[in-house]
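Asks: Just so it is clear, I am handing over entry-v5.cif, which has mmCIF, C-alpha atoms and all ligand atoms.
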```
data_data
loop_
_atom_site.label_atom_id
_atom_site.label_comp_id
_atom_site.auth_asym_id
_atom_site.auth_seq_id
_atom_site.Cartn_x
_atom_site.Cartn_y
_atom_site.Cartn_z
CA MET A 802 -164.03 -15.43 97.49
CA THR A 803 -161.25 -17.77 96.42
CA THR A 804 -161.60 -21.47 97.18
CA SER A 805 -158.63 -22.79 99.13
CA SER A 806 -157.66 -26.41 98.91
CA SER A 807 -154.20 -26.74 100.35
CA SER A 808 -154.59 -30.50 100.82
CA GLN A 809 -154.55 -31.28 97.09
CA ARG A 810 -151.29 -32.29 95.45
CA ILE A 811 -151.32 -31.57 91.75
CA ALA A 812 -148.63 -32.30 89.17
CA VAL A 813 -148.52 -30.36 85.91
CA ILE A 814 -146.45 -31.60 82.95
CA GLY A 815 -145.36 -29.01 80.37
CA GLY A 816 -143.51 -25.71 80.69
CA GLY A 817 -145.35 -23.78 77.97
CA ILE A 818 -148.04 -21.18 78.53
CA PHE A 819 -150.77 -23.76 79.27
CA GLY A 820 -148.73 -25.61 81.90
CA VAL A 821 -147.35 -22.50 83.56
CA SER A 822 -150.65 -20.60 83.54
CA SER A 823 -152.48 -23.63 84.97
CA ALA A 824 -149.80 -24.13 87.62
CA VAL A 825 -150.01 -20.55 88.85
CA HIS A 826 -153.81 -20.62 88.91
CA LEU A 827 -153.72 -23.91 90.85
CA ALA A 828 -151.27 -22.39 93.33
CA ARG A 829 -153.52 -19.34 93.70
CA LEU A 830 -156.31 -21.74 94.66
CA GLY A 831 -154.13 -23.21 97.39
CA ALA A 832 -153.12 -26.51 95.78
CA GLN A 833 -149.62 -27.93 96.33
CA VAL A 834 -148.33 -27.88 92.79
CA THR A 835 -145.29 -29.39 91.11
CA LEU A 836 -144.66 -28.27 87.52
CA VAL A 837 -142.23 -30.33 85.47
CA THR A 838 -140.99 -29.81 81.96
CA GLU A 839 -138.67 -31.72 79.69
CA GLY A 840 -136.22 -28.91 78.85
CA ALA A 841 -136.23 -25.19 79.60
CA PHE A 842 -139.47 -23.32 80.25
CA ALA A 843 -140.94 -21.77 77.07
CA SER A 844 -138.81 -24.03 74.88
CA GLY A 845 -141.81 -25.40 72.93
CA ALA A 846 -144.35 -23.57 70.78
CA SER A 847 -144.70 -20.84 73.43
CA GLY A 848 -141.12 -19.79 72.75
CA ARG A 849 -141.69 -19.28 69.02
CA SER A 850 -145.21 -17.89 68.73
CA LEU A 851 -146.61 -14.93 66.85
CA ALA A 852 -148.95 -14.64 69.86
CA TRP A 853 -151.59 -12.42 68.28
CA LEU A 854 -154.40 -12.02 70.83
CA ASN A 855 -157.55 -12.20 68.80
CA SER A 856 -160.87 -13.72 67.91
CA ALA A 857 -160.99 -12.43 64.37
CA ARG A 858 -162.95 -13.92 61.46
CA PHE A 859 -165.03 -17.10 61.60
CA ARG A 860 -165.42 -19.80 64.28
CA SER A 861 -168.09 -21.38 66.47
CA ALA A 862 -169.95 -19.05 68.85
CA GLU A 863 -168.66 -21.01 71.87
CA TYR A 864 -165.07 -20.81 70.72
CA HIS A 865 -165.43 -17.08 69.99
CA ARG A 866 -166.79 -16.55 73.49
CA LEU A 867 -163.87 -18.40 75.08
CA ARG A 868 -161.35 -16.37 73.09
CA VAL A 869 -163.02 -13.07 73.96
CA VAL A 870 -162.94 -14.01 77.65
CA GLY A 871 -159.29 -14.96 77.13
CA ILE A 872 -158.53 -11.51 75.71
CA ASP A 873 -160.36 -9.96 78.66
CA ARG A 874 -157.90 -11.60 81.06
CA TYR A 875 -155.00 -10.09 79.12
CA ARG A 876 -156.65 -6.68 79.33
CA THR A 877 -156.70 -6.97 83.11
CA LEU A 878 -153.06 -8.02 83.04
CA ALA A 879 -152.21 -5.07 80.78
CA SER A 880 -153.93 -2.62 83.11
CA ARG A 881 -151.86 -4.01 86.00
CA ASN A 882 -148.65 -3.75 83.95
CA GLU A 883 -149.15 -0.40 82.31
CA GLY A 884 -146.54 0.32 79.63
CA ALA A 885 -145.23 -3.28 79.64
CA ALA A 886 -143.17 -3.89 76.50
CA TRP A 887 -144.23 -7.58 76.46
CA LEU A 888 -148.01 -7.08 76.25
CA ARG A 889 -149.51 -4.53 73.88
CA PHE A 890 -153.07 -3.79 72.83
CA GLU A 891 -152.57 -1.66 69.73
CA GLY A 892 -154.92 -3.44 67.37
CA GLY A 893 -154.79 -5.92 64.54
CA LEU A 894 -154.97 -5.20 60.82
CA THR A 895 -156.01 -7.82 58.28
CA TRP A 896 -156.39 -7.85 54.56
CA ASP A 897 -156.82 -10.56 51.94
CA ALA A 898 -155.30 -10.93 48.49
CA ASP A 899 -157.00 -9.12 45.63
CA GLU A 900 -158.49 -12.26 44.15
CA ALA A 901 -161.77 -14.16 44.07
CA SER A 902 -161.08 -15.71 47.50
CA ASN A 903 -161.06 -12.27 49.20
CA ARG A 904 -163.49 -12.53 52.17
CA ILE A 905 -162.82 -9.19 53.84
CA ALA A 906 -166.35 -7.81 53.33
CA GLU A 907 -167.88 -11.07 54.62
CA ALA A 908 -165.52 -11.19 57.61
CA PHE A 909 -166.32 -7.56 58.43
CA ALA A 910 -170.09 -8.21 58.26
CA HIS A 911 -169.68 -11.26 60.49
CA GLU A 912 -167.50 -9.48 63.06
CA GLN A 913 -169.96 -6.58 63.20
CA SER A 914 -172.88 -8.96 63.65
CA ILE A 915 -171.28 -10.54 66.75
CA GLY A 916 -170.16 -7.24 68.24
CA TYR A 917 -166.44 -7.80 67.66
CA ASP A 918 -164.85 -4.37 67.44
CA CYS A 919 -163.92 -3.79 63.78
CA GLN A 920 -163.56 -1.12 61.15
CA LEU A 921 -163.41 -1.69 57.40
CA LEU A 922 -160.89 0.79 56.02
CA GLY A 923 -159.49 1.73 52.65
CA ALA A 924 -155.72 2.16 52.33
CA ALA A 925 -155.85 5.93 52.84
CA GLU A 926 -157.86 5.53 56.03
CA VAL A 927 -155.59 2.81 57.46
CA VAL A 928 -152.61 5.14 57.72
CA LYS A 929 -154.69 7.58 59.80
CA VAL A 930 -155.65 4.80 62.25
CA THR A 931 -152.47 2.81 62.79
CA PRO A 932 -148.84 3.70 61.96
CA GLY A 933 -146.04 2.02 60.08
CA ILE A 934 -148.00 0.36 57.24
CA ASN A 935 -147.21 0.47 53.54
CA ALA A 936 -150.65 1.57 52.31
CA ALA A 937 -149.78 0.54 48.75
CA ALA A 938 -149.68 -3.11 49.85
CA ILE A 939 -153.32 -3.09 50.99
CA SER A 940 -155.66 -4.65 48.46
CA ARG A 941 -158.51 -2.63 46.93
CA GLN A 942 -161.14 -4.49 48.99
CA GLY A 943 -159.66 -2.75 52.06
CA ALA A 944 -158.51 -3.98 55.45
CA ILE A 945 -160.22 -4.74 58.75
CA PHE A 946 -158.79 -2.94 61.75
CA ASN A 947 -159.64 -4.56 65.10
CA PRO A 948 -158.72 -1.99 67.75
CA GLY A 949 -159.20 -4.41 70.65
CA GLU A 950 -156.55 -6.91 69.56
CA GLY A 951 -152.98 -7.16 70.76
CA TRP A 952 -149.96 -9.40 71.19
CA VAL A 953 -147.96 -10.89 74.04
CA ASP A 954 -144.35 -12.01 74.33
CA LEU A 955 -145.02 -15.43 75.84
CA PRO A 956 -141.51 -16.11 77.22
CA SER A 957 -141.75 -12.85 79.23
CA LEU A 958 -145.22 -13.74 80.47
CA ILE A 959 -144.08 -17.27 81.42
CA GLU A 960 -141.18 -15.83 83.41
CA ILE A 961 -143.51 -13.48 85.31
CA LEU A 962 -146.02 -16.26 86.03
CA LEU A 963 -143.21 -18.56 87.22
CA GLN A 964 -142.05 -15.92 89.69
CA GLU A 965 -145.55 -15.75 91.16
CA PHE A 966 -145.84 -19.55 91.13
CA GLU A 967 -142.65 -19.97 93.14
CA ALA A 968 -143.61 -17.15 95.51
CA LEU A 969 -146.81 -19.08 96.21
CA GLY A 970 -144.76 -22.15 97.14
CA GLY A 971 -145.04 -24.01 93.80
CA GLN A 972 -142.18 -26.31 92.73
CA ALA A 973 -141.00 -25.67 89.19
CA VAL A 974 -138.67 -28.31 87.73
CA ALA A 975 -137.02 -27.68 84.36
CA HIS A 976 -134.82 -30.14 82.42
CA ALA A 977 -136.65 -33.09 83.98
CA GLY A 978 -136.58 -35.11 80.75
CA LYS A 979 -139.75 -36.68 79.41
CA ALA A 980 -142.35 -37.17 82.10
CA SER A 981 -145.25 -39.61 82.04
CA VAL A 982 -148.46 -40.00 83.98
CA ASP A 983 -148.55 -42.87 86.45
CA ILE A 984 -151.97 -44.51 86.44
CA LYS A 985 -152.64 -46.74 89.43
CA GLY A 986 -155.92 -48.47 90.15
CA GLY A 987 -157.48 -46.73 87.16
CA ARG A 988 -156.70 -43.19 88.33
CA ALA A 989 -153.86 -40.71 87.86
CA ALA A 990 -151.60 -41.19 90.85
CA GLY A 991 -148.49 -39.24 89.97
CA VAL A 992 -145.81 -38.37 87.46
CA SER A 993 -142.53 -40.14 86.69
CA THR A 994 -139.77 -38.18 85.03
CA ALA A 995 -137.02 -39.51 82.79
CA ASN A 996 -134.39 -38.46 85.32
CA GLY A 997 -135.91 -40.79 87.90
CA THR A 998 -138.06 -38.48 90.01
CA TYR A 999 -141.54 -39.58 91.10
CA ILE A 1000 -144.13 -36.97 92.04
CA LYS A 1001 -147.11 -38.34 93.90
CA ALA A 1002 -150.30 -36.42 93.06
CA ASP A 1003 -154.06 -36.46 93.52
CA ALA A 1004 -154.46 -35.09 90.01
CA VAL A 1005 -152.23 -34.56 86.97
CA LEU A 1006 -152.51 -32.04 84.13
CA VAL A 1007 -150.90 -32.92 80.82
CA ALA A 1008 -150.10 -29.63 79.07
CA THR A 1009 -147.35 -30.90 76.84
CA GLY A 1010 -148.31 -29.09 73.65
CA ALA A 1011 -147.79 -31.20 70.55
CA ALA A 1012 -146.96 -34.25 72.71
CA ALA A 1013 -150.38 -34.28 74.40
CA PRO A 1014 -152.27 -36.48 71.86
CA GLU A 1015 -149.61 -39.20 72.09
CA MET A 1016 -149.69 -39.12 75.89
CA ALA A 1017 -153.49 -39.37 75.88
CA LYS A 1018 -153.21 -42.28 73.46
CA GLN A 1019 -150.94 -44.11 75.90
CA ALA A 1020 -153.76 -43.75 78.42
CA GLY A 1021 -156.21 -45.21 75.87
CA HIS A 1022 -157.80 -41.91 74.79
CA ALA A 1023 -157.79 -40.52 71.27
CA ILE A 1024 -157.28 -36.82 70.67
CA VAL A 1025 -157.39 -36.16 66.97
CA ASP A 1026 -154.24 -34.26 66.11
CA GLY A 1027 -153.74 -31.73 63.32
CA THR A 1028 -150.37 -30.37 64.45
CA PRO A 1029 -148.31 -28.84 61.62
CA ILE A 1030 -144.67 -27.77 61.67
CA ALA A 1031 -144.46 -23.99 61.89
CA LEU A 1032 -141.75 -21.44 61.26
CA LEU A 1033 -141.28 -18.13 63.07
CA VAL A 1034 -138.66 -15.68 61.81
CA LYS A 1035 -137.28 -12.76 63.79
CA SER A 1036 -135.59 -9.72 62.26
CA LYS A 1037 -132.75 -7.81 63.83
CA PRO A 1038 -134.00 -4.82 65.85
CA PHE A 1039 -134.68 -1.79 63.63
CA GLY A 1040 -137.23 0.23 65.62
CA PRO A 1041 -140.32 -0.43 63.52
CA ALA A 1042 -143.08 2.17 63.48
CA VAL A 1043 -145.72 -0.55 63.14
CA ARG A 1044 -147.84 -1.06 66.29
CA ALA A 1045 -150.61 -3.42 65.16
CA VAL A 1046 -150.39 -7.14 64.47
CA LEU A 1047 -150.60 -7.51 60.69
CA ASN A 1048 -152.30 -10.43 58.95
CA THR A 1049 -151.77 -10.10 55.25
CA PRO A 1050 -151.89 -12.49 52.29
CA ASN A 1051 -148.17 -13.37 52.34
CA VAL A 1052 -147.06 -12.59 55.88
CA ALA A 1053 -148.30 -12.13 59.44
CA LEU A 1054 -146.12 -10.01 61.71
CA ARG A 1055 -145.94 -8.08 64.93
CA PRO A 1056 -143.40 -5.90 66.71
CA THR A 1057 -141.30 -7.36 69.55
CA PRO A 1058 -140.30 -5.87 72.92
CA ASP A 1059 -136.75 -5.23 71.63
CA GLY A 1060 -137.73 -3.29 68.50
CA ALA A 1061 -137.69 -6.04 65.89
CA VAL A 1062 -140.51 -7.88 64.12
CA VAL A 1063 -141.41 -11.57 64.15
CA CYS A 1064 -143.25 -13.05 61.20
CA ASP A 1065 -144.74 -16.24 59.86
CA SER A 1066 -146.91 -17.41 56.98
CA ALA A 1067 -148.63 -20.59 55.80
CA TRP A 1068 -146.69 -20.73 52.49
CA SER A 1069 -143.35 -20.75 54.34
CA GLU A 1070 -144.40 -23.83 56.33
CA GLU A 1071 -145.04 -25.68 53.09
CA GLU A 1072 -141.43 -25.09 52.04
CA LEU A 1073 -139.91 -26.88 55.06
CA ASN A 1074 -138.08 -30.17 54.46
CA ARG A 1075 -138.35 -32.95 57.02
CA ARG A 1076 -134.99 -34.50 57.88
CA SER A 1077 -134.72 -38.23 58.67
CA ASP A 1078 -134.29 -37.44 62.42
CA GLY A 1079 -137.68 -35.67 62.47
CA THR A 1080 -136.26 -32.12 62.63
CA HIS A 1081 -136.83 -29.67 59.80
CA ASP A 1082 -134.63 -27.92 57.33
CA VAL A 1083 -135.40 -24.31 56.42
CA LYS A 1084 -134.25 -23.00 53.07
CA GLU A 1085 -132.39 -19.70 53.05
CA GLU A 1086 -134.67 -18.60 50.24
CA THR A 1087 -137.72 -19.12 52.49
CA LEU A 1088 -136.22 -16.97 55.25
CA ARG A 1089 -135.21 -14.29 52.75
CA ARG A 1090 -138.65 -14.18 51.13
CA LEU A 1091 -140.47 -14.06 54.47
CA LEU A 1092 -138.45 -11.03 55.54
CA LEU A 1093 -139.03 -9.47 52.12
CA GLU A 1094 -142.78 -10.02 52.43
CA ALA A 1095 -142.60 -8.38 55.88
CA SER A 1096 -140.70 -5.43 54.47
CA ASN A 1097 -143.28 -5.08 51.66
CA VAL A 1098 -146.12 -4.40 54.12
CA LEU A 1099 -144.14 -1.94 56.26
CA GLU A 1100 -143.90 1.78 55.64
CA GLY A 1101 -140.71 2.70 53.78
CA ASN A 1102 -139.97 -0.98 53.00
CA PRO A 1103 -137.13 -1.26 55.54
CA ALA A 1104 -134.32 -3.73 54.73
CA LEU A 1105 -134.92 -6.49 57.29
CA GLU A 1106 -132.01 -8.60 58.41
CA LEU A 1107 -132.43 -12.07 59.87
CA GLU A 1108 -131.75 -12.39 63.59
CA SER A 1109 -133.08 -15.90 64.24
CA TYR A 1110 -135.66 -18.43 63.21
CA HIS A 1111 -137.44 -21.21 65.04
CA CYS A 1112 -139.10 -24.20 63.57
CA GLY A 1113 -141.16 -26.87 65.31
CA PRO A 1114 -144.63 -28.23 65.94
CA LYS A 1115 -147.56 -25.87 66.44
CA PRO A 1116 -150.09 -27.76 68.60
CA VAL A 1117 -153.41 -27.93 66.70
CA PRO A 1118 -156.30 -30.32 67.49
CA GLY A 1119 -157.63 -32.14 64.43
CA ASP A 1120 -161.02 -30.41 64.52
CA GLY A 1121 -159.50 -27.00 65.21
CA GLU A 1122 -161.11 -26.48 68.60
CA PRO A 1123 -159.49 -26.61 72.06
CA VAL A 1124 -159.23 -29.87 74.00
CA ILE A 1125 -159.41 -28.99 77.69
CA GLY A 1126 -160.66 -31.10 80.57
CA PRO A 1127 -160.65 -34.55 82.18
CA LEU A 1128 -159.98 -37.81 80.37
CA GLU A 1129 -163.17 -39.69 81.04
CA GLY A 1130 -162.77 -42.91 82.98
CA ILE A 1131 -159.39 -41.93 84.48
CA PRO A 1132 -160.14 -39.84 87.57
CA GLY A 1133 -157.51 -37.18 88.17
CA TYR A 1134 -156.17 -37.13 84.59
CA PHE A 1135 -156.63 -33.74 82.84
CA VAL A 1136 -155.45 -32.42 79.48
CA ALA A 1137 -155.00 -28.96 77.97
CA PHE A 1138 -154.16 -28.98 74.25
CA SER A 1139 -155.06 -26.27 71.78
CA HIS A 1140 -153.95 -23.95 69.03
CA SER A 1141 -154.24 -20.19 69.67
CA GLY A 1142 -152.69 -20.98 73.01
CA ALA A 1143 -151.43 -17.42 73.37
CA THR A 1144 -154.97 -16.02 73.22
CA LEU A 1145 -156.28 -18.81 75.47
CA GLY A 1146 -153.30 -19.17 77.81
CA LEU A 1147 -154.60 -17.23 80.80
CA ILE A 1148 -158.24 -18.30 80.61
CA ALA A 1149 -157.48 -21.97 79.91
CA GLY A 1150 -155.19 -22.09 82.95
CA GLU A 1151 -157.77 -20.36 85.11
CA LEU A 1152 -160.68 -22.62 84.10
CA ILE A 1153 -158.84 -25.94 84.21
CA ALA A 1154 -157.30 -25.07 87.59
CA ARG A 1155 -160.73 -24.33 89.05
CA GLU A 1156 -162.13 -27.58 87.66
CA MET A 1157 -159.24 -29.60 89.08
CA VAL A 1158 -159.52 -28.05 92.52
CA THR A 1159 -163.30 -27.79 92.91
CA GLY A 1160 -164.50 -30.63 90.67
CA GLU A 1161 -167.07 -28.26 89.16
CA ALA A 1162 -167.21 -28.28 85.36
CA SER A 1163 -166.99 -24.88 83.69
CA PRO A 1164 -169.81 -24.28 81.17
CA LEU A 1165 -167.29 -22.27 79.13
CA LEU A 1166 -165.42 -25.50 78.39
CA ALA A 1167 -168.48 -27.69 77.72
CA ASN A 1168 -167.84 -27.90 73.96
CA PHE A 1169 -164.13 -28.54 74.27
CA ARG A 1170 -163.89 -31.80 76.17
CA PRO A 1171 -161.52 -34.63 75.20
CA ALA A 1172 -164.60 -36.92 75.35
CA ARG A 1173 -165.78 -35.64 71.96
CA PHE A 1174 -163.22 -38.03 70.44
CA ALA A 1175 -164.76 -40.96 72.38
CA GLN A 1176 -165.61 -42.99 69.28
CA LYS A 1177 -161.99 -42.85 68.21
CA SER A 1178 -160.95 -43.87 71.76
CA HIS A 1179 -163.19 -46.92 71.53
CA ALA A 1180 -161.50 -47.80 68.25
CA LEU A 1181 -158.11 -47.51 70.02
CA ALA A 1182 -159.28 -49.95 72.67
CA SER A 1183 -160.63 -52.52 70.20
C1 LIG A 1201 -145.37 -19.97 64.63
C2 LIG A 1201 -146.52 -19.93 65.61
C3 LIG A 1201 -147.43 -18.89 65.57
C4 LIG A 1201 -148.48 -18.84 66.48
N1 LIG A 1201 -149.34 -17.78 66.45
C5 LIG A 1201 -150.29 -17.67 67.40
C6 LIG A 1201 -151.10 -16.52 67.44
O1 LIG A 1201 -150.94 -15.61 66.63
N2 LIG A 1201 -152.06 -16.43 68.41
C7 LIG A 1201 -152.23 -17.42 69.34
O2 LIG A 1201 -153.09 -17.28 70.20
N3 LIG A 1201 -151.47 -18.53 69.32
C8 LIG A 1201 -150.51 -18.68 68.37
N4 LIG A 1201 -149.73 -19.78 68.33
C9 LIG A 1201 -150.06 -20.90 69.20
C10 LIG A 1201 -149.52 -20.81 70.60
O3 LIG A 1201 -148.21 -20.28 70.61
C11 LIG A 1201 -149.54 -22.20 71.19
O4 LIG A 1201 -150.88 -22.69 71.13
C12 LIG A 1201 -149.10 -22.24 72.63
O5 LIG A 1201 -147.83 -21.63 72.79
C13 LIG A 1201 -149.05 -23.69 73.09
O6 LIG A 1201 -148.67 -23.71 74.44
P1 LIG A 1201 -148.56 -25.11 75.19
O7 LIG A 1201 -148.22 -24.78 76.58
O8 LIG A 1201 -149.78 -25.92 74.92
O9 LIG A 1201 -147.39 -25.89 74.44
P2 LIG A 1201 -145.81 -25.63 74.38
O10 LIG A 1201 -145.47 -24.19 74.45
O11 LIG A 1201 -145.31 -26.39 73.22
O12 LIG A 1201 -145.31 -26.27 75.73
C14 LIG A 1201 -145.33 -27.66 75.98
C15 LIG A 1201 -144.11 -28.00 76.81
O13 LIG A 1201 -144.21 -29.34 77.25
C16 LIG A 1201 -142.93 -29.94 77.19
N5 LIG A 1201 -143.12 -31.37 77.09
C17 LIG A 1201 -143.61 -32.08 76.03
N6 LIG A 1201 -143.67 -33.39 76.34
C18 LIG A 1201 -143.22 -33.50 77.60
C19 LIG A 1201 -143.07 -34.61 78.48
N7 LIG A 1201 -143.40 -35.87 78.15
N8 LIG A 1201 -142.55 -34.36 79.71
C20 LIG A 1201 -142.19 -33.12 80.11
N9 LIG A 1201 -142.36 -32.04 79.32
C21 LIG A 1201 -142.86 -32.23 78.09
C22 LIG A 1201 -142.28 -29.33 75.97
O14 LIG A 1201 -140.87 -29.42 76.05
C23 LIG A 1201 -142.81 -27.89 76.03
O15 LIG A 1201 -141.91 -27.06 76.73
C24 LIG A 1201 -148.65 -19.87 67.44
C25 LIG A 1201 -147.72 -20.92 67.50
C26 LIG A 1201 -146.65 -20.95 66.59
C27 LIG A 1201 -145.65 -22.06 66.71
#
```
In structure tokens, how does this file's structure come out?

Replies:
Amino acid sequence: MTTSSSSQRIAVIGGGIFGVSSAVHLARLGAQVTLVTEGAFASGASGRSLAWLNSARFRSAEYHRLRVVGIDRYRTLASRNEGAAWLRFEGGLTWDADEASNRIAEAFAHEQSIGYDCQLLGAAEVVKVTPGINAAAISRQGAIFNPGEGWVDLPSLIEILLQEFEALGGQAVAHAGKASVDIKGGRAAGVSTANGTYIKADAVLVATGAAAPEMAKQAGHAIVDGTPIALLVKSKPFGPAVRAVLNTPNVALRPTPDGAVVCDSAWSEEELNRRSDGTHDVKEETLRRLLLEASNVLEGNPALELESYHCGPKPVPGDGEPVIGPLEGIPGYFVAFSHSGATLGLIAGELIAREMVTGEASPLLANFRPARFAQKSHALAS
């Protein structure tokens, strides 16, 4: 049975996957929801994400569990949208460089031990399992194939969720300018937008991606921030044979709905130059090398041409784990801030919406509360 609470007015700030997913889940629960975002929907990190759906390699057991539940929600969505070009479950393939830091055997043993579907394959076996890979690029330690992984095109998903949100009576407001939480009498009372609108609310969710720690700070709460600037490069469409998401030493990539690939890599982020206005400058050489690295891991080494690139903050909490839940001491003020927001997008929205409407804390989120930074918040106050 679904709980209905049509009397609650809830404002959500942020038009990325966390804000939109939360808004639609709140509307499904019967809340009267207004969703506001500064610019266009999906114009933040959600519009420039690799969006690999996974729980590969090493992390806390609680975080692994949340991610696996997150992937489960996407599986349900995939089964309801059979053949969708924007959500594919065709596996993930990972290998490490052929050097002392190679942890493939250890990662495989760990994934097996926790029941995460995985196969350790040599280069010759990989090509029998998943198409479009340059087997010669795989290091001698082999690659892990995770058949249960996939990818999502977040802008497409956001559009679909927004349609449902509006059909349920939700108000979606784009280009509202910067919004802020109005705290009256010690509790969240509404949202003011830069263009002068005031939205009265019983509860507010801040899902503003990289801006969330600063907004929490204004409310006297610390959220330790580890947000880097990330780069995502898209090739021109060329009809790649590759189906899996690839995570390789020099590039991560996946196919796109329109027959191109998108790619990123940690080394390319280190080559970005910060301009004095806070934006970032991308060297042509970085773009060229990233596409070359992508070509190197693809069968036949196709010549990849640049279609577009996007550079901007990738929301990452300082301790690497999600920050989802109420700000203690400010009734009605909730936050959702995390990396791997593609993997977590559906489940985070579902859980936070239920908490906001019912007031019942989800045990799945117990380890991920903003309150874990309480000591830092006390330091802010003193
Ligand atoms: C290059 C890259 C690769 C990634 N790869 C993966 C991956 O493989 N797997 C995975 O699971 N995740 C991945 N991620 C992470 C994932 O994309 C993000 O965690 C997720 O998109 C964050 O969603 P969000 O809604 O929190 O933030 P955003 O998408 O950034 O949305 C926040 C929105 O809030 C708006 N906003 C900010 N401040 C205000 C304000 N004051 N008032 C009004 N609006 C405001 C912004 O304009 C923005 O539209 C990747 C991200 C990047 C950038």

Asks: I'd like the neighbourhood of region 1156-1158 of chain A as a list in words, where a residue qualifies if any of its atoms comes within 8 Å (using all atoms listed in the file), though same-chain residues fewer than 4 positions away should be ignored.

Replies: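 Contacts, with the query itself left out: Ser806, Gln809, Leu827, Leu830, Ala832, Ala1004, Gly1133, Phe1135, Leu1152, Ala1162 and Ser1163 of chain A.
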
Asks: Which of these, A:Leu922, A:Leu1073, A:Ala852, A:Val1007, has the shortest distance to ligand LIG 1201 (chain A) once you count all atoms listed in the file?

Replies: A:Ala852

Asks: Excluding same-chain residues fewer than 3 positions from region 1143-1148 of chain A, what lies within 9 Å of it counting all atoms listed in the file, as number ranges by chain?

Replies: A: 818-823, 826, 847, 850-856, 867-875, 952-955, 1139-1140, 1151-1153

Asks: Would you mind exporting the chosen residues as a compact mmCIF listing (two decimals), in the coordinates of the input, restricted to C-alpha atoms?

Replies:
```
# COMPACT_ATOMS: atom_id res chain seq x y z
CA ILE A 818 -148.04 -21.18 78.53
CA PHE A 819 -150.77 -23.76 79.27
CA GLY A 820 -148.73 -25.61 81.90
CA VAL A 821 -147.35 -22.50 83.56
CA SER A 822 -150.65 -20.60 83.54
CA SER A 823 -152.48 -23.63 84.97
CA HIS A 826 -153.81 -20.62 88.91
CA SER A 847 -144.70 -20.84 73.43
CA SER A 850 -145.21 -17.89 68.73
CA LEU A 851 -146.61 -14.93 66.85
CA ALA A 852 -148.95 -14.64 69.86
CA TRP A 853 -151.59 -12.42 68.28
CA LEU A 854 -154.40 -12.02 70.83
CA ASN A 855 -157.55 -12.20 68.80
CA SER A 856 -160.87 -13.72 67.91
CA LEU A 867 -163.87 -18.40 75.08
CA ARG A 868 -161.35 -16.37 73.09
CA VAL A 869 -163.02 -13.07 73.96
CA VAL A 870 -162.94 -14.01 77.65
CA GLY A 871 -159.29 -14.96 77.13
CA ILE A 872 -158.53 -11.51 75.71
CA ASP A 873 -160.36 -9.96 78.66
CA ARG A 874 -157.90 -11.60 81.06
CA TYR A 875 -155.00 -10.09 79.12
CA TRP A 952 -149.96 -9.40 71.19
CA VAL A 953 -147.96 -10.89 74.04
CA ASP A 954 -144.35 -12.01 74.33
CA LEU A 955 -145.02 -15.43 75.84
CA SER A 1139 -155.06 -26.27 71.78
CA HIS A 1140 -153.95 -23.95 69.03
CA GLU A 1151 -157.77 -20.36 85.11
CA LEU A 1152 -160.68 -22.62 84.10
CA ILE A 1153 -158.84 -25.94 84.21
```

Asks: When distances are computed from only C-alpha atoms and all ligand atoms, which of A:Cys1064, A:Leu878, A:Ala1172, A:Ala1095 shows the smallest separation from ligand LIG 1201 (chain A)?

Replies: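 When distances to ligand LIG 1201 (chain A) are compared using only C-alpha atoms and all ligand atoms, the smallest one comes from A:Cys1064.
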
Asks: Fewer than 3 positions away in the same chain doesn't count, so skip those; otherwise give me all residues within 7 Å of Ala841 (chain A), counting all atoms listed in the file, as a VMD selection string.

Replies: chain A and resid 844 975 to 976

Asks: Find the residues around Gly991 (chain A) up to 8 Å (all atoms listed in the file counted), leave out those fewer than 5 positions away in its own chain, and share them as a ChimeraX atom specification.

Replies: /A:812,982-984,999-1005

Asks: Please provide the set of residues having any atom within 12 Å of Pro1118 (chain A), restricted to only C-alpha atoms, with same-chain residues fewer than 2 positions apart removed, written as JSON, numbers by chain.

Replies: {"A": [1010, 1011, 1012, 1013, 1014, 1023, 1024, 1025, 1026, 1027, 1028, 1029, 1114, 1115, 1116, 1120, 1121, 1122, 1123, 1124, 1125, 1137, 1138, 1139, 1140, 1141, 1142, 1169, 1170, 1171, 1173, 1174]}

Asks: Produce the centre coordinates and the three edge lengths, each in Å to one decimal, of the box along x, y and z that contains all listed atoms of region 922-925 of chain A with 5 Å added on each side, as lines of an AutoDock Vina configuration file.

Replies:
```
center_x = -158.3
center_y = 3.4
center_z = 54.2
size_x = 15.2
size_y = 15.1
size_z = 13.7
```

Asks: For CA of Gly1060 (chain A) and atom O12 of ligand LIG 1201 (chain A), quote the distance in Å rounded to one decimal.

Replies: 25.3 Å
